[in-house]
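Text of the file input-v3.cif, holding mmCIF, C-alpha atoms:
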data_upload
loop_
_atom_site.label_atom_id
_atom_site.label_comp_id
_atom_site.auth_asym_id
_atom_site.auth_seq_id
_atom_site.Cartn_x
_atom_site.Cartn_y
_atom_site.Cartn_z
CA MET Y 290 92.61 63.33 101.34
CA ARG Y 291 93.36 61.87 97.93
CA LEU Y 292 90.77 63.88 96.04
CA LEU Y 293 92.46 67.27 96.27
CA PRO Y 294 95.78 66.33 94.56
CA LEU Y 295 93.78 64.58 91.88
CA LEU Y 296 91.70 67.71 91.17
CA ARG Y 297 94.88 69.80 91.24
CA LEU Y 298 96.41 67.50 88.62
CA ALA Y 299 93.29 67.60 86.42
CA PHE Y 300 92.39 71.29 86.75
CA PRO Y 301 94.96 72.86 84.35
CA HIS Y 302 93.74 70.60 81.55
CA THR Y 303 90.14 71.71 82.01
CA VAL Y 304 90.69 75.48 81.84
CA PRO Y 305 89.64 75.79 78.15
CA VAL Y 306 86.37 74.04 79.02
CA LEU Y 307 85.94 76.27 82.09
CA ALA Y 308 86.24 79.31 79.82
CA GLY Y 309 83.69 77.88 77.41
CA TYR Y 310 81.17 76.23 79.72
CA VAL Y 311 80.53 79.10 82.15
CA PRO Y 312 79.41 81.67 79.54
CA MET Y 313 77.65 78.99 77.48
CA GLY Y 314 75.86 77.63 80.56
CA ALA Y 315 74.97 81.18 81.59
CA ALA Y 316 73.54 81.85 78.12
CA PHE Y 317 71.43 78.72 78.55
CA GLY Y 318 70.25 79.81 82.01
CA VAL Y 319 69.25 83.25 80.72
CA LEU Y 320 67.43 81.72 77.76
CA LEU Y 321 65.55 79.30 80.03
CA VAL Y 322 64.45 81.97 82.50
CA THR Y 323 63.44 84.46 79.81
CA SER Y 324 61.35 81.66 78.26
CA GLY Y 325 59.33 81.71 81.48
CA PHE Y 326 60.74 78.85 83.55
CA SER Y 327 61.86 78.74 87.18
CA PRO Y 328 65.62 79.50 87.55
CA TRP Y 329 66.06 76.29 89.55
CA TRP Y 330 65.58 74.34 86.37
CA ALA Y 331 68.82 75.78 84.95
CA PRO Y 332 71.26 74.01 87.33
CA LEU Y 333 68.94 70.99 87.61
CA MET Y 334 68.96 70.49 83.85
CA GLY Y 335 72.75 70.96 83.91
CA ILE Y 336 72.99 68.12 86.43
CA LEU Y 337 70.38 65.78 84.92
CA ILE Y 338 70.61 66.33 81.16
CA TYR Y 339 74.15 67.76 80.88
CA ALA Y 340 74.20 68.34 77.13
CA GLY Y 341 74.87 71.79 75.68
CA SER Y 342 72.97 71.67 72.43
CA GLY Y 343 70.42 69.26 73.91
CA GLN Y 344 69.55 71.74 76.66
CA PHE Y 345 69.27 74.70 74.27
CA VAL Y 346 66.93 72.69 72.06
CA ALA Y 347 65.00 71.57 75.17
CA VAL Y 348 64.20 75.20 76.07
CA GLY Y 349 62.40 75.69 72.78
CA LEU Y 350 60.54 72.41 73.17
CA LEU Y 351 59.54 73.17 76.76
CA ALA Y 352 58.23 76.56 75.64
CA ALA Y 353 56.23 74.87 72.86
CA GLY Y 354 54.14 72.85 75.34
CA PHE Y 355 53.86 69.44 77.01
CA ASP Y 356 55.21 66.77 74.66
CA PRO Y 357 57.36 64.12 76.45
CA LEU Y 358 57.70 61.84 73.42
CA GLY Y 359 58.66 64.76 71.20
CA ILE Y 360 61.43 65.96 73.52
CA PHE Y 361 62.69 62.39 73.93
CA LEU Y 362 62.93 61.79 70.18
CA ILE Y 363 64.39 65.19 69.34
CA THR Y 364 66.98 64.96 72.15
CA LEU Y 365 67.84 61.51 70.82
CA MET Y 366 68.40 62.99 67.37
CA VAL Y 367 70.24 66.12 68.56
CA ASN Y 368 72.58 63.96 70.65
CA ALA Y 369 72.81 61.06 68.20
CA ARG Y 370 76.42 61.97 67.49
CA HIS Y 371 77.33 60.85 71.04
CA VAL Y 372 76.77 57.25 69.93
CA PHE Y 373 79.99 57.48 67.96
CA TYR Y 374 82.03 58.89 70.86
CA ALA Y 375 81.54 55.50 72.50
CA LEU Y 376 83.30 53.78 69.60
CA THR Y 377 86.64 55.52 70.28
CA ASN Y 378 86.49 54.94 74.04
CA LEU Y 379 85.35 51.31 74.10
CA SER Y 380 88.70 49.79 75.05
CA LEU Y 381 89.82 52.69 77.26
CA PHE Y 382 86.74 52.49 79.51
CA ALA Y 383 86.58 48.68 79.47
CA GLY Y 384 88.37 48.07 82.79
CA PHE Y 385 87.13 51.18 84.61
CA GLY Y 386 84.61 49.37 86.84
CA ARG Y 387 82.60 51.72 89.04
CA TYR Y 388 83.99 54.83 87.32
CA ARG Y 389 82.64 53.71 83.93
CA PRO Y 390 78.93 54.71 84.32
CA TYR Y 391 79.73 58.33 85.23
CA LEU Y 392 82.36 58.65 82.48
CA ILE Y 393 79.78 57.44 79.95
CA PHE Y 394 77.07 59.75 81.36
CA ALA Y 395 79.37 62.80 81.28
CA LEU Y 396 80.89 62.23 77.82
CA THR Y 397 80.00 65.61 76.25
CA ASP Y 398 81.64 67.00 73.11
CA GLU Y 399 84.10 69.01 75.19
CA THR Y 400 84.97 66.22 77.66
CA TYR Y 401 85.43 63.85 74.74
CA ALA Y 402 87.79 66.39 73.16
CA LEU Y 403 89.75 66.74 76.43
CA PHE Y 404 90.09 62.96 76.72
CA ASN Y 405 91.61 62.96 73.24
CA LEU Y 406 93.99 65.81 74.16
CA VAL Y 407 95.03 64.09 77.40
CA GLY Y 408 95.55 60.83 75.52
CA GLU Y 409 98.05 62.60 73.25
CA ASN Y 410 99.93 64.23 76.15
CA ALA Y 411 103.28 62.45 76.64
CA SER Y 412 103.82 63.31 80.31
CA LEU Y 413 100.32 62.17 81.25
CA ASN Y 414 101.06 58.81 79.61
CA ASP Y 415 104.18 58.28 81.71
CA ALA Y 416 103.36 55.57 84.25
CA THR Y 417 106.76 55.70 85.99
CA VAL Y 418 106.19 59.06 87.72
CA PRO Y 419 104.28 58.60 91.01
CA ARG Y 420 101.29 60.97 91.36
CA ALA Y 421 99.48 61.93 94.53
CA GLY Y 422 95.94 60.59 94.45
CA LEU Y 423 96.63 57.92 91.82
CA PRO Y 424 97.64 54.27 92.19
CA ALA Y 425 101.35 53.66 91.51
CA GLY Y 426 102.32 52.49 88.05
CA VAL Y 427 99.25 53.89 86.28
CA ALA Y 428 99.56 56.74 83.77
CA PRO Y 429 97.03 59.55 84.49
CA ALA Y 430 95.72 59.47 80.91
CA LYS Y 431 94.80 55.81 81.40
CA SER Y 432 93.46 56.05 84.95
CA PRO Y 433 89.72 56.22 85.63
CA GLN Y 434 90.30 58.50 88.64
CA PHE Y 435 92.06 61.19 86.59
CA LEU Y 436 89.56 61.05 83.71
CA THR Y 437 86.65 61.16 86.18
CA ALA Y 438 88.21 64.26 87.78
CA ILE Y 439 88.31 65.94 84.36
CA ALA Y 440 84.72 64.94 83.56
CA ALA Y 441 83.44 66.05 86.98
CA LEU Y 442 85.23 69.43 86.83
CA ASP Y 443 83.71 70.00 83.38
CA GLN Y 444 80.24 69.25 84.66
CA CYS Y 445 80.80 71.57 87.66
CA TYR Y 446 81.64 74.43 85.31
CA TRP Y 447 78.55 73.73 83.23
CA VAL Y 448 76.20 73.52 86.24
CA CYS Y 449 77.70 76.71 87.74
CA GLY Y 450 77.26 78.51 84.41
CA CYS Y 451 73.64 77.35 84.17
CA ALA Y 452 72.97 78.52 87.75
CA ILE Y 453 74.62 81.90 87.21
CA GLY Y 454 72.58 82.48 84.04
CA GLY Y 455 69.38 81.21 85.62
CA PHE Y 456 69.55 83.35 88.74
CA ALA Y 457 71.27 86.42 87.28
CA GLY Y 458 68.80 86.36 84.40
CA THR Y 459 65.98 87.03 86.89
CA LEU Y 460 67.88 89.91 88.53
CA ILE Y 461 69.10 91.70 85.45
CA ASN Y 462 66.28 92.31 83.01
CA PHE Y 463 67.77 92.72 79.57
CA ASP Y 464 66.90 91.71 76.03
CA VAL Y 465 68.67 88.44 75.23
CA THR Y 466 67.24 87.95 71.74
CA GLY Y 467 70.00 86.34 69.69
CA ILE Y 468 72.06 84.96 72.60
CA ASP Y 469 71.44 81.46 71.26
CA PHE Y 470 73.80 82.39 68.44
CA VAL Y 471 76.47 81.11 70.86
CA MET Y 472 75.38 77.63 69.82
CA THR Y 473 75.53 78.40 66.09
CA ALA Y 474 79.01 79.87 66.48
CA LEU Y 475 80.19 76.87 68.52
CA PHE Y 476 79.01 74.44 65.85
CA VAL Y 477 80.60 76.54 63.11
CA VAL Y 478 83.93 76.47 64.96
CA ILE Y 479 83.76 72.70 65.65
CA LEU Y 480 82.90 72.14 61.97
CA LEU Y 481 85.88 74.26 60.88
CA GLN Y 482 88.08 72.31 63.26
CA GLN Y 483 86.82 69.03 61.80
CA ILE Y 484 87.37 69.99 58.16
CA GLU Y 485 91.01 70.76 58.88
CA LYS Y 486 91.27 66.99 58.48
CA PRO Y 487 90.91 66.32 54.72
CA ALA Y 488 89.04 63.06 55.42
CA ASN Y 489 86.21 65.04 57.04
CA ARG Y 490 85.65 67.41 54.09
CA ARG Y 491 83.45 65.16 51.98
CA PRO Y 492 81.19 64.07 54.88
CA ALA Y 493 80.88 67.72 55.95
CA ALA Y 494 79.96 68.80 52.41
CA ILE Y 495 77.38 66.00 52.18
CA GLY Y 496 76.00 66.95 55.58
CA LEU Y 497 75.69 70.59 54.57
CA LEU Y 498 74.08 69.82 51.20
CA VAL Y 499 71.59 67.30 52.59
CA SER Y 500 70.70 69.64 55.48
CA LEU Y 501 70.14 72.58 53.14
CA LEU Y 502 67.88 70.45 50.93
CA VAL Y 503 65.96 69.16 53.94
CA VAL Y 504 65.57 72.60 55.52
CA THR Y 505 64.32 74.00 52.22
CA ALA Y 506 61.83 71.16 51.90
CA CYS Y 507 60.73 71.67 55.52
CA ARG Y 508 60.18 75.39 55.02
CA LEU Y 509 58.31 74.92 51.75
CA TRP Y 510 56.09 71.94 52.52
CA PHE Y 511 55.83 71.27 56.24
CA ASP Y 512 57.39 72.43 59.46
CA THR Y 513 61.02 73.01 60.50
CA SER Y 514 60.28 71.21 63.78
CA TYR Y 515 60.73 67.98 61.80
CA PHE Y 516 64.15 69.07 60.58
CA ILE Y 517 66.48 66.97 62.80
CA LEU Y 518 64.55 63.72 62.33
CA THR Y 519 64.24 64.18 58.57
CA ALA Y 520 67.83 65.28 58.12
CA MET Y 521 69.20 62.38 60.19
CA ALA Y 522 67.11 59.88 58.20
CA ALA Y 523 68.27 61.45 54.92
CA LEU Y 524 71.91 61.42 56.04
CA LEU Y 525 71.71 57.77 57.05
CA VAL Y 526 70.17 56.92 53.67
CA VAL Y 527 72.84 58.83 51.77
CA PHE Y 528 75.74 57.37 53.75
CA THR Y 529 74.30 53.85 53.61
CA THR Y 530 73.98 54.23 49.84
CA LEU Y 531 77.54 55.51 49.53
CA TYR Y 532 78.81 52.68 51.71
CA LEU Y 533 76.98 50.00 49.73
CA ALA Y 534 77.99 51.56 46.43
CA ARG Y 535 81.60 51.69 47.51
CA LYS Y 536 81.65 48.08 48.62
CA ASP Y 537 79.84 46.66 45.62
CA VAL Y 538 80.97 48.77 42.70
CA SER Y 539 84.62 49.07 41.88
CA PRO Y 540 85.71 52.56 40.84
CA GLY Y 541 85.37 53.28 37.15
CA THR Y 542 82.85 50.52 36.54
CA GLN Y 543 80.06 51.50 34.19
CA LEU Y 544 76.82 51.24 36.09
CA PRO Y 545 73.86 49.68 34.29
CA SER Y 546 70.77 51.86 34.11
CA SER Y 547 68.82 50.12 36.86
CA SER Y 548 71.45 50.85 39.46
CA THR Y 549 71.93 54.45 38.32
CA GLU Y 550 68.20 55.09 38.48
CA CYS Y 551 68.16 53.64 41.94
CA ARG Y 552 70.79 56.01 43.21
CA GLY Y 553 69.25 58.99 41.47
CA GLY Y 554 65.91 58.17 43.01
CA ILE Y 555 67.33 58.18 46.49
CA GLY Y 556 69.12 61.46 45.98
CA GLY Y 557 65.94 63.11 44.80
CA GLU Y 558 63.74 61.55 47.40
CA SER Y 559 65.68 62.09 50.57
CA PRO Y 560 64.83 65.75 51.24
CA THR Y 561 61.11 65.03 51.20
CA VAL Y 562 61.25 61.97 53.41
CA LYS Y 563 58.24 62.09 55.70
CA PRO Y 564 59.03 62.67 59.38
CA GLY Y 565 58.90 59.66 61.61
CA ARG Y 566 59.70 57.16 58.90
CA SER Y 567 62.60 55.01 59.87
CA PRO Y 568 65.73 55.10 57.72
CA LYS Y 569 65.08 51.48 56.80
CA ASP Y 570 61.85 52.46 55.05
CA VAL Y 571 63.70 54.62 52.58
CA SER Y 572 66.84 52.54 52.33
CA PRO Y 573 68.02 51.42 48.91
CA GLY Y 574 66.67 47.95 49.59
CA THR Y 575 63.07 49.07 49.49
CA GLN Y 576 63.38 49.91 45.82
CA LEU Y 577 64.65 46.47 45.01
CA PRO Y 578 61.77 43.99 45.00
CA SER Y 579 63.59 40.93 46.26
CA SER Y 580 65.12 42.56 49.31
CA SER Y 581 62.11 44.63 50.33
CA THR Y 582 60.39 41.52 51.62
CA GLU Y 583 63.31 40.59 53.80
CA GLY Y 584 64.56 44.11 54.34
CA ARG Y 585 64.55 43.95 58.15
CA GLY Y 586 66.71 42.18 60.67
CA SER Y 587 70.42 41.70 60.89
CA SER Y 588 70.81 39.94 57.57
CA SER Y 589 69.10 42.71 55.61
CA ARG Y 590 72.24 44.54 54.60
CA ARG Y 591 73.90 41.43 53.31
CA ALA Y 592 70.74 40.59 51.39
CA GLN Y 593 70.65 44.10 49.94
CA GLU Y 594 74.27 43.91 48.93
CA ARG Y 595 73.77 40.64 47.15
CA THR Y 596 70.68 41.86 45.36
CA TRP Y 597 72.39 45.07 44.40
CA SER Y 598 75.40 43.42 42.82
CA GLU Y 599 73.26 40.82 41.08
CA GLN Y 600 70.98 43.46 39.61
CA SER Y 601 73.70 45.84 38.56
CA GLY Y 602 75.81 43.02 37.27
CA CYS Y 603 78.89 44.59 38.71
CA GLU Y 604 81.81 42.74 40.09
CA ARG Y 605 82.00 42.85 43.83
CA SER Y 606 85.26 44.36 44.90
CA GLU Y 607 87.08 42.86 47.82
CA ARG Y 608 88.07 46.14 49.40
CA GLN Y 609 86.35 45.57 52.71
CA ASP Y 610 89.11 47.11 54.77
CA GLY Y 611 89.72 50.02 52.44
CA ALA Y 612 86.07 50.99 52.45
CA GLY Y 613 86.11 52.68 55.84
CA GLY Y 614 89.59 54.08 55.65
CA GLU Y 615 89.10 56.09 52.49
CA SER Y 616 86.61 58.59 53.82
CA MET X 151 52.75 74.04 81.88
CA THR X 152 52.95 72.87 85.48
CA GLU X 153 56.27 72.22 87.22
CA TRP X 154 55.49 68.50 87.11
CA GLN X 155 55.05 68.60 83.35
CA VAL X 156 58.41 70.40 83.08
CA ALA X 157 59.95 67.71 85.32
CA ILE X 158 58.60 64.92 83.10
CA MET X 159 59.96 66.58 79.95
CA VAL X 160 63.36 67.20 81.60
CA ALA X 161 63.45 63.52 82.64
CA CYS X 162 62.71 62.50 79.05
CA ALA X 163 65.51 64.71 77.72
CA ALA X 164 67.87 63.28 80.38
CA ALA X 165 66.91 59.69 79.51
CA ALA X 166 67.44 60.32 75.79
CA THR X 167 70.84 61.91 76.42
CA VAL X 168 72.01 59.01 78.59
CA LEU X 169 70.74 56.59 75.97
CA THR X 170 72.76 58.24 73.17
CA ARG X 171 75.93 58.16 75.29
CA ALA X 172 75.51 54.61 76.61
CA ILE X 173 74.09 52.71 73.65
CA GLY X 174 77.42 52.42 71.81
CA PHE X 175 79.05 50.96 74.93
CA TRP X 176 76.16 48.53 75.43
CA ALA X 177 76.11 47.42 71.82
CA PHE X 178 79.85 47.05 71.21
CA GLY X 179 81.28 46.69 74.69
CA LYS X 180 81.93 43.00 74.28
CA ARG X 181 82.48 42.38 70.57
CA ALA X 182 84.19 43.72 67.47
CA VAL X 183 82.65 46.77 65.78
CA PRO X 184 81.12 45.96 62.36
CA ALA X 185 82.74 47.72 59.40
CA PHE X 186 79.55 49.64 58.54
CA VAL X 187 79.31 51.07 62.08
CA SER X 188 82.90 52.24 62.09
CA TYR X 189 82.31 53.78 58.64
CA LEU X 190 79.38 55.74 60.11
CA GLY X 191 81.60 56.65 63.05
CA ASP X 192 84.07 58.14 60.56
CA VAL X 193 81.66 60.13 58.40
CA LEU X 194 78.83 61.17 60.73
CA PRO X 195 80.58 63.57 63.15
CA ALA X 196 81.43 66.14 60.47
CA ALA X 197 78.11 65.66 58.65
CA VAL X 198 76.15 66.01 61.89
CA MET X 199 78.03 69.18 62.81
CA ALA X 200 77.11 70.71 59.43
CA MET X 201 73.53 69.61 60.07
CA LEU X 202 73.53 71.31 63.47
CA VAL X 203 74.70 74.59 61.93
CA VAL X 204 71.75 74.44 59.52
CA PHE X 205 69.49 73.38 62.41
CA CYS X 206 70.38 76.54 64.34
CA LEU X 207 69.56 78.71 61.33
CA ARG X 208 66.45 76.78 60.22
CA ASP X 209 63.98 79.57 61.05
CA THR X 210 66.06 82.52 59.86
CA PRO X 211 63.80 84.83 57.81
CA ILE X 212 65.19 85.03 54.28
CA GLU X 213 62.28 86.52 52.33
CA ALA X 214 61.71 89.33 54.87
CA ALA X 215 64.23 91.89 56.16
CA PRO X 216 67.00 91.55 57.23
CA HIS X 217 67.19 88.53 54.88
CA GLY X 218 69.63 86.57 57.06
CA ILE X 219 72.39 89.13 56.54
CA PRO X 220 73.28 89.45 60.28
CA GLU X 221 73.64 85.67 60.51
CA LEU X 222 75.83 85.59 57.39
CA ILE X 223 78.12 88.37 58.66
CA ALA X 224 78.39 86.90 62.18
CA ILE X 225 79.20 83.41 60.87
CA ALA X 226 81.85 84.83 58.55
CA ALA X 227 83.34 86.75 61.50
CA THR X 228 83.27 83.64 63.72
CA ALA X 229 85.07 81.65 61.03
CA ALA X 230 87.61 84.43 60.44
CA LEU X 231 88.34 84.78 64.17
CA TRP X 232 88.87 81.06 64.51
CA LEU X 233 91.11 80.82 61.44
CA TRP X 234 93.09 83.80 62.72
CA ARG X 235 93.74 82.70 66.32
CA LYS X 236 92.57 79.06 66.44
CA ASN X 237 90.93 79.96 69.76
CA VAL X 238 87.48 78.42 70.21
CA LEU X 239 86.38 80.78 72.96
CA LEU X 240 87.47 83.94 71.16
CA ALA X 241 85.71 82.88 67.95
CA VAL X 242 82.46 81.85 69.65
CA LEU X 243 82.15 84.87 71.94
CA GLY X 244 83.44 87.34 69.33
CA GLY X 245 81.01 86.08 66.71
CA THR X 246 78.12 86.15 69.19
CA ALA X 247 78.98 89.68 70.35
CA LEU X 248 79.01 90.86 66.74
CA TYR X 249 75.70 89.11 66.07
CA LEU X 250 74.07 90.73 69.12
CA THR X 251 75.41 94.13 68.04
CA LEU X 252 74.10 93.62 64.52
CA ILE X 253 70.56 92.57 65.47
CA HIS X 254 70.12 95.04 68.34
CA LEU X 255 71.87 98.12 66.96
CA VAL X 256 72.33 97.85 63.19
CA PHE X 257 69.47 95.86 61.63
CA VAL X 258 66.77 97.12 63.97
#

For the structure just supplied, provide its representation as structure tokens.
Amino acid sequence: MRLLPLLRLAFPHTVPVLAGYVPMGAAFGVLLVTSGFSPWWAPLMGILIYAGSGQFVAVGLLAAGFDPLGIFLITLMVNARHVFYALTNLSLFAGFGRYRPYLIFALTDETYALFNLVGENASLNDATVPRAGLPAGVAPAKSPQFLTAIAALDQCYWVCGCAIGGFAGTLINFDVTGIDFVMTALFVVILLQQIEKPANRRPAAIGLLVSLLVVTACRLWFDTSYFILTAMAALLVVFTTLYLARKDVSPGTQLPSSSTECRGGIGGESPTVKPGRSPKDVSPGTQLPSSSTEGRGSSSRRAQERTWSEQSGCERSERQDGAGGES
Amino acid sequence: MTEWQVAIMVACAAAATVLTRAIGFWAFGKRAVPAFVSYLGDVLPAAVMAMLVVFCLRDTPIEAAPHGIPELIAIAATAALWLWRKNVLLAVLGGTALYLTLIHLVFV
């Protein structure tokens, strides 16, 4: 049996996730059952959805009533950050063949973090040591079998946690109001971990500021159920604006009034963006007459850039490579 | 809601989750990543995490008692625990335990 040595090799690396997923999954199971759903849904959702924050959000949406499109869109928005996990694993997963689909399916925040940790581990990158359960000459950190073992163990912990919470929640009848604070605390800790890197501080501050504006607008004028969609749209607008501004305007250049007004308008408008409007509709281009007509399709950004620099009369800096690296 | 309606909604959540995880691989599996996309890849994770913290607290009553004070204390404790030990589990469970204590025993 080649599976057992492989799991034995992977297990020690997954212990931090074991310690996190079982109580977190249990908290989810308890929340689901106390919201009035069958306990079987707890492990089933762990198997089928397998997304921590996505599942917590799903409980609230399920309790709110039948709305398939709503849950689809909100889950899309809650999990939108996963899109970017793909970008760091593109080349690693490229030759993984039949292991690739499951690795992509199971790429949660925690599994993604473990893959990064394993990738940094010197002994796991040593291809000269033969390992039971792995082909000779392949380093564990680069082998689909080893990474799949990690991903599968993680999902086992999560599903077990969900099941424990789901079934124990029906046996023990206690008040679980506030248990979903686990999620808040987890996000706070991940955020703190991220801002240890100086490059993440400005994006985090922008994210916090935009979210606070959006949540205030939601609470004052409409409903907080639109928060994720509105905040994501606003964030995309702000970051697109910053990206375009950085590419087109060299630092220290005096901006003519038209361009300054444009940026001010976006900043003031973003919190009250109507839900459901696509980011494109509120992108900087829509305020510029010439690009609003051609503001869709793959060439739209280039068109916007050109219009922007023509209108503002600024020199276009040639810092294409530096643009992404500065953040 | 019937069990079938729950099943349909769970399937939708599952499909959306798979889509978010797979779309980056589909889109950029075979060609170079555009500069704008890798810029978003750099800035969005931290911004999205800040957004999710606000998302969790979006319905916290501020005008009425207890004015979000338990949330504020528990978040401060979570942050302090993490900065002290750099242990994710300790910080998350410690902060949650304090929050549960606060809302069930202190700010009743």

Running the PyMOL selection byres ((chain X and resi 196-202) around 10) on this model by hand, what would come out? Give it as a PyMOL selection string.
(chain Y and resi 342+366-370+472-473+475-484+488-501+503-504+516-517+520-521+524+528) or (chain X and resi 191-195+203-208)

I want to know what sits within 7 Å of segment 222-230 of chain X, based on all atoms listed in the file, with residues of the same chain fewer than 3 positions away left out; could you give that as an NGL selection string?
(:Y and (474 or 478)) or (:X and (218-219 or 233-234 or 241-242 or 244-245 or 248-249))

Excluding Leu460 of chain Y and residues on its chain fewer than 5 positions from it, collect all residues at most 12 Å away from it, counting all atoms listed in the file, and give them as a list of chain:residue names.
Y:Val319, Y:Val322, Y:Thr323, Y:Pro328, Y:Ile453, Y:Gly454, Y:Gly455

On this structure, which residues satisfy the PyMOL selection byres ((chain X and resi 167) around 12), written as JSON, numbers by chain?
{"Y": [334, 335, 336, 337, 338, 339, 340, 341, 342, 343, 344, 347, 360, 361, 362, 363, 364, 365, 366, 367, 368, 369, 370, 371, 372, 393, 394, 395, 396, 397], "X": [160, 161, 162, 163, 164, 165, 166, 168, 169, 170, 171, 172, 173]}

Just-selected residues, C-alpha atoms written as an mmCIF file, in the coordinates of the input:
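The resulting file, selection.cif, is reproduced below:
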data_model
loop_
_atom_site.group_PDB
_atom_site.id
_atom_site.type_symbol
_atom_site.label_atom_id
_atom_site.label_comp_id
_atom_site.auth_asym_id
_atom_site.auth_seq_id
_atom_site.Cartn_x
_atom_site.Cartn_y
_atom_site.Cartn_z
ATOM 1 C CA MET Y 334 68.960 70.490 83.850
ATOM 2 C CA GLY Y 335 72.750 70.960 83.910
ATOM 3 C CA ILE Y 336 72.990 68.120 86.430
ATOM 4 C CA LEU Y 337 70.380 65.780 84.920
ATOM 5 C CA ILE Y 338 70.610 66.330 81.160
ATOM 6 C CA TYR Y 339 74.150 67.760 80.880
ATOM 7 C CA ALA Y 340 74.200 68.340 77.130
ATOM 8 C CA GLY Y 341 74.870 71.790 75.680
ATOM 9 C CA SER Y 342 72.970 71.670 72.430
ATOM 10 C CA GLY Y 343 70.420 69.260 73.910
ATOM 11 C CA GLN Y 344 69.550 71.740 76.660
ATOM 12 C CA ALA Y 347 65.000 71.570 75.170
ATOM 13 C CA ILE Y 360 61.430 65.960 73.520
ATOM 14 C CA PHE Y 361 62.690 62.390 73.930
ATOM 15 C CA LEU Y 362 62.930 61.790 70.180
ATOM 16 C CA ILE Y 363 64.390 65.190 69.340
ATOM 17 C CA THR Y 364 66.980 64.960 72.150
ATOM 18 C CA LEU Y 365 67.840 61.510 70.820
ATOM 19 C CA MET Y 366 68.400 62.990 67.370
ATOM 20 C CA VAL Y 367 70.240 66.120 68.560
ATOM 21 C CA ASN Y 368 72.580 63.960 70.650
ATOM 22 C CA ALA Y 369 72.810 61.060 68.200
ATOM 23 C CA ARG Y 370 76.420 61.970 67.490
ATOM 24 C CA HIS Y 371 77.330 60.850 71.040
ATOM 25 C CA VAL Y 372 76.770 57.250 69.930
ATOM 26 C CA ILE Y 393 79.780 57.440 79.950
ATOM 27 C CA PHE Y 394 77.070 59.750 81.360
ATOM 28 C CA ALA Y 395 79.370 62.800 81.280
ATOM 29 C CA LEU Y 396 80.890 62.230 77.820
ATOM 30 C CA THR Y 397 80.000 65.610 76.250
ATOM 31 C CA VAL X 160 63.360 67.200 81.600
ATOM 32 C CA ALA X 161 63.450 63.520 82.640
ATOM 33 C CA CYS X 162 62.710 62.500 79.050
ATOM 34 C CA ALA X 163 65.510 64.710 77.720
ATOM 35 C CA ALA X 164 67.870 63.280 80.380
ATOM 36 C CA ALA X 165 66.910 59.690 79.510
ATOM 37 C CA ALA X 166 67.440 60.320 75.790
ATOM 38 C CA VAL X 168 72.010 59.010 78.590
ATOM 39 C CA LEU X 169 70.740 56.590 75.970
ATOM 40 C CA THR X 170 72.760 58.240 73.170
ATOM 41 C CA ARG X 171 75.930 58.160 75.290
ATOM 42 C CA ALA X 172 75.510 54.610 76.610
ATOM 43 C CA ILE X 173 74.090 52.710 73.650
#

All residues 12 Å or closer to Val156 of chain X, all atoms listed in the file, same chain fewer than 5 positions away omitted, as a PyMOL selection string:
(chain Y and resi 321+325-327+329-331+333-334+347-348+350-357+360) or (chain X and resi 151+161-163)

Missing atoms in segment 173-182 of chain X should be modelled up to N, CA and C atoms and reported as a PDB file, in the coordinates of the input.
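Once everything was written out, this is out-v6.pdb:
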ATOM      1  N   ILE X 173      74.504  53.787  74.545  1.00  0.00           N
ATOM      2  CA  ILE X 173      74.090  52.710  73.650  1.00  0.00           C
ATOM      3  C   ILE X 173      75.272  52.099  72.887  1.00  0.00           C
ATOM      4  N   GLY X 174      76.245  52.936  72.508  1.00  0.00           N
ATOM      5  CA  GLY X 174      77.420  52.420  71.810  1.00  0.00           C
ATOM      6  C   GLY X 174      78.226  51.476  72.692  1.00  0.00           C
ATOM      7  N   PHE X 175      78.316  51.818  73.994  1.00  0.00           N
ATOM      8  CA  PHE X 175      79.050  50.960  74.930  1.00  0.00           C
ATOM      9  C   PHE X 175      78.300  49.653  75.156  1.00  0.00           C
ATOM     10  N   TRP X 176      76.948  49.755  75.246  1.00  0.00           N
ATOM     11  CA  TRP X 176      76.160  48.530  75.430  1.00  0.00           C
ATOM     12  C   TRP X 176      76.276  47.619  74.210  1.00  0.00           C
ATOM     13  N   ALA X 177      76.174  48.213  73.048  1.00  0.00           N
ATOM     14  CA  ALA X 177      76.110  47.420  71.820  1.00  0.00           C
ATOM     15  C   ALA X 177      77.458  46.781  71.487  1.00  0.00           C
ATOM     16  N   PHE X 178      78.555  47.532  71.686  1.00  0.00           N
ATOM     17  CA  PHE X 178      79.850  47.050  71.210  1.00  0.00           C
ATOM     18  C   PHE X 178      80.865  46.879  72.328  1.00  0.00           C
ATOM     19  N   GLY X 179      80.367  46.831  73.557  1.00  0.00           N
ATOM     20  CA  GLY X 179      81.280  46.690  74.690  1.00  0.00           C
ATOM     21  C   GLY X 179      82.002  45.355  74.706  1.00  0.00           C
ATOM     22  N   LYS X 180      81.375  44.346  74.128  1.00  0.00           N
ATOM     23  CA  LYS X 180      81.930  43.000  74.280  1.00  0.00           C
ATOM     24  C   LYS X 180      82.280  42.322  72.953  1.00  0.00           C
ATOM     25  N   ARG X 181      82.116  43.032  71.823  1.00  0.00           N
ATOM     26  CA  ARG X 181      82.480  42.380  70.570  1.00  0.00           C
ATOM     27  C   ARG X 181      83.046  43.380  69.564  1.00  0.00           C
ATOM     28  N   ALA X 182      83.557  42.876  68.471  1.00  0.00           N
ATOM     29  CA  ALA X 182      84.190  43.720  67.470  1.00  0.00           C
ATOM     30  C   ALA X 182      83.144  44.605  66.785  1.00  0.00           C
TER      31      ALA X 182
END
